[in-house]
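Novice: Encoded as structure tokens, here's the structure I'll be asking about.
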Amino acid sequence: MGTSLLEFEKPIAELERQIQELREKAEAQKLDLSAEIAPLQERLAELRRDTYKNLTPLQRVQVARSSRRPFTLDYIRLAFSDFIELHGDRAFRDDPSIVGGWARLDGDTVMIIGQQRGRDTKENIHRNFGMPHPEGYRKALRLLKLAEKFQVPVLTFIDTPGAWAGLGAEERGQSEAIARNLLEMSQLTVPIIATVIGEGGSGGALALGVADRVLMLEHSVYSVITVEGCAAILWKDGKSPEMREKAASSLRITSPELLALKVIDEVIPEPSGAAHADHEATAKAVHDVILRHLDELKRLKPDKLVRKRREKYLRMGSFTT
Amino acid sequence: MAWFRKEKSPRRPRAERLEIPKDAWEKCEACDHTDIREKFERNANVCPTCDHHRRFRAHEYLSLLLDAGTIAEKDEELVSVDPLQFPDYPARLKKALANAGDHDAILTASGKMDGMPVNLGVMDFAFMGGSMGSVVGEKIARLGQRSLEKKWPLIIISASGGARMQEGVLSLMQMAKTSAVLSQLAERRIPYVSLLTNPTTGGVSASYAMLGDAILAEPGAVIGFAGPRVIKQTLGQDLPEGFQTAEFLLTHGMVDQVVHRHHLKRTLGQLLRHMSGKPAATGWTAP
């Protein structure tokens, strides 16, 4: 897909190349090389498993940011049907870094809202690298209220380095747009399930993340600040791998750590070789987990749903008395 | 005794020089006006020459706004811990406790404002840059809870660089937690007024600070989502004059009023009386 490999993925790519070469040779010369290929494939499976099992927190950040991972629109295409996109905040403009609209999950209507990154430079410029402006969050708010009006559950997909920091964003009230979503999401009378699919960057992520259930893909990350920002502020060095690694491990941003902190409710395992190795299998896993949680949430009456959601957030935090 | 040998009387020590303490004088950061500290203090730490609103500590706001003898501090026993074993966090906390006091980055209290009972939370920038961690979130949640129980209006005065990095995502979740409390207040129609002071940025501005039924700001306060330094970095150029100041936010429709500290108590009272169906403080007179 034209994006550079991460350093630790190179041995995997090399092995994949060797297998491919053998296959081509077998094809061209009409040879049976399955005896040679089989052990290599076994080795590849093992290598994939071991590599992704032993990622450091910083490597997880790199995986989470990879442009080869499935994005919101990929999940919409692979795990849902009958999608129709809705555009615009009715006040200023349409923000392409957030997509949303009606879709069906196994036949039932849901509202989907998610940040959308780009796979190449051109698309990334269009999508602003998945960093929304206030109008993106206000579009999301419009869709949240629309879903509530028609009593349809909301599914959000989180995939952003953070909310955009720029002149226009400040002029149009980035803070207010995010804050408003936090407030409205804590009183919305329909089920909300948020899934972190890539990078969950700070307030810009949380603005789609106040939910009855918060799920995280295994190799996604969720943080109060980027590892670069944290390292730059605390240790005056946001560039060196050592300081970024220190920030990544100190901030506890990986899915198992956040599950242990009870900030999220479930980790969705990724296929061997991570989400980008198999978009279909990843989407299927996401589909199944969301469906299971939605079945539980649908049984709750609106007032109980809201009460439980608030109680969950009111419990969050760690202090002594 | 020879006439020229004038008897020397022992030299008397000079009258003791008045020792002027080093901090008796203060200089305004904005206009360099120098004056005795007391004069600044008597003026609510507003510069008498240029009206620059200097930093005001949490307890100073309490005595500025609440009637003497009615102030009851709340939840002072809540103390930050180090849930993530974050490098240097315990040391930083210790330093903040020693330098800024033991109320963490927010002081919460209930009391009366010209006779009207209110719950008041005041952030203290001196405590780790007013950063919001679990204790700040919990104190606001408990204060909001008290407002729900007693139907007392809520006031929060913000001064913060944002979420406290050292508590990671737990700090981020305080944005959701405080917003959840405010949604309960909104549901029960209990008024909440937010005052933004210098600076209010990051996770605090992107949660409760921007959710007031009325939002006030102090003159000249820097208010925004991203700090000016971050935006400058992403833009690669200097920011326009006055960008992200309280006055900038007023013209862009983000706050209701920019209020001089001298008028703060009166303005807050007026707003809260309107929103809670109470008569005007001055009584009613025919126009």
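Here, A, B, ... name the chains of the structure tokens in the order displayed, residue numbers run from 1 inside each chain, and ligands are numbered from 1 in the same displayed order.
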Please give the complete set of residues from region 117-203 of chain B that DSSP, run on the backbone, assigns to strand (DSSP E), formatted as number ranges by chain.

Specialist: B: 117-123, 154-160, 192-201

Novice: List every residue of chain A that has an atom at most 6 Å from any atom of chain B, and for each one report the closest atom pair and its distance in Å to one decimal, counting only C-alpha atoms, with rows sorted by chain and then by increasing residue number, as a tab-separated table.

Specialist:
```
residue	atom	partner	partner_atom	distance
A:Ala165	CA	B:Ile231	CA	5.7
A:Gly166	CA	B:Ile231	CA	5.5
A:Ser175	CA	B:Ala206	CA	4.0
A:Glu176	CA	B:Met210	CA	5.3
A:Ile178	CA	B:Ala206	CA	5.6
A:Ala179	CA	B:Ser207	CA	4.2
A:Leu182	CA	B:Ala176	CA	5.9
A:Leu183	CA	B:Ser179	CA	4.9
A:Ser186	CA	B:Ala180	CA	5.3
A:Ser223	CA	B:Val169	CA	5.5
A:Val224	CA	B:Val169	CA	5.1
A:Ser250	CA	B:Phe86	CA	5.5
A:Leu251	CA	B:Gly168	CA	5.0
A:Arg310	CA	B:Ala180	CA	5.7
A:Tyr313	CA	B:Lys177	CA	5.0
A:Leu314	CA	B:Lys177	CA	5.2
A:Gly317	CA	B:Ser134	CA	4.6
A:Ser318	CA	B:Ser134	CA	5.6
A:Phe319	CA	B:Ser80	CA	5.0
A:Thr320	CA	B:Val79	CA	5.3
A:Thr321	CA	B:Leu78	CA	4.6
```

Novice: Write out as a PyMOL selection string the set of residues from region 58-294 of chain A that DSSP, computed on the backbone, places in alpha helix (DSSP H).

Specialist: chain A and resi 58-65+72-79+121-127+134-149+167-171+174-185+202-206+227-235+241-250+255-260+279-294

Novice: Could you give me, as a list in words, the residues within 7 Å of Ala64 (chain A), counting only C-alpha atoms and dropping anything in the same chain fewer than 6 positions from it?

Specialist: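 In the requested form, the answer reads Gly198, Glu199, His219, Ser220 and Val221 of chain A.
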
Novice: Could you state the separation of CA of Asp89 (chain A) and CA of Arg138 (chain A) in Å, given to one decimal place?

Specialist: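 Distance reported for this atom pair: 5.5 Å.
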
Novice: For each of B:Ala91, B:Met123, B:Cys28, B:Ala280, take the minimum atom-to-atom distance to Arg57 (chain B), counting only C-alpha atoms, then give the residue where this is smallest.

Specialist: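 The shortest atom-to-atom distance to Arg57 (chain B) comes from B:Met123.
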
Novice: Mind checking which residues fall within 12 Å of region 268-277 of chain B, counting only C-alpha atoms, ignoring those fewer than 4 positions away in the same chain, and posting them as a ChimeraX atom specification?

Specialist: /B:64-66,112-120,151-157,186,188-195,212-217,256-264,281-283

Novice: Need the shell around Pro70 (chain A): protein/DNA/RNA residues with any atom at most 12 Å away, counting only C-alpha atoms. Skip same-chain ones fewer than 3 positions apart. Format as a ChimeraX atom specification?

Specialist: /A:1,63-67,73-79,115-119,157-159,196-198,217,220,270,274-284,286

Novice: What does the distance between CA of Gln18 (chain A) and CA of Gln62 (chain A) come to in Å, to one decimal place?

Specialist: 25.1 Å

Novice: Can you list, as a list in words, every protein, DNA or RNA residue that comes within 9 Å of Ala147 (chain A) when you count only C-alpha atoms, leaving out same-chain residues fewer than 4 positions away?

Specialist: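 Answer for this query is Trp102, Val110, Met111, Arg142, Leu143, Gln151, Val152, Pro153, Val154 and Val190 of chain A.
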
Novice: Compile the contact shell of Leu155 (chain A) as a ChimeraX atom specification: residues with an atom at most 7 Å away, counting only C-alpha atoms, same-chain residues fewer than 6 positions apart removed.

Specialist: /A:111-113,192-194

Novice: Kindly give the distance, in Å, that separates CA of Glu60 (chain B) and CA of Lys278 (chain B), rounded to a single decimal.

Specialist: 26.7 Å
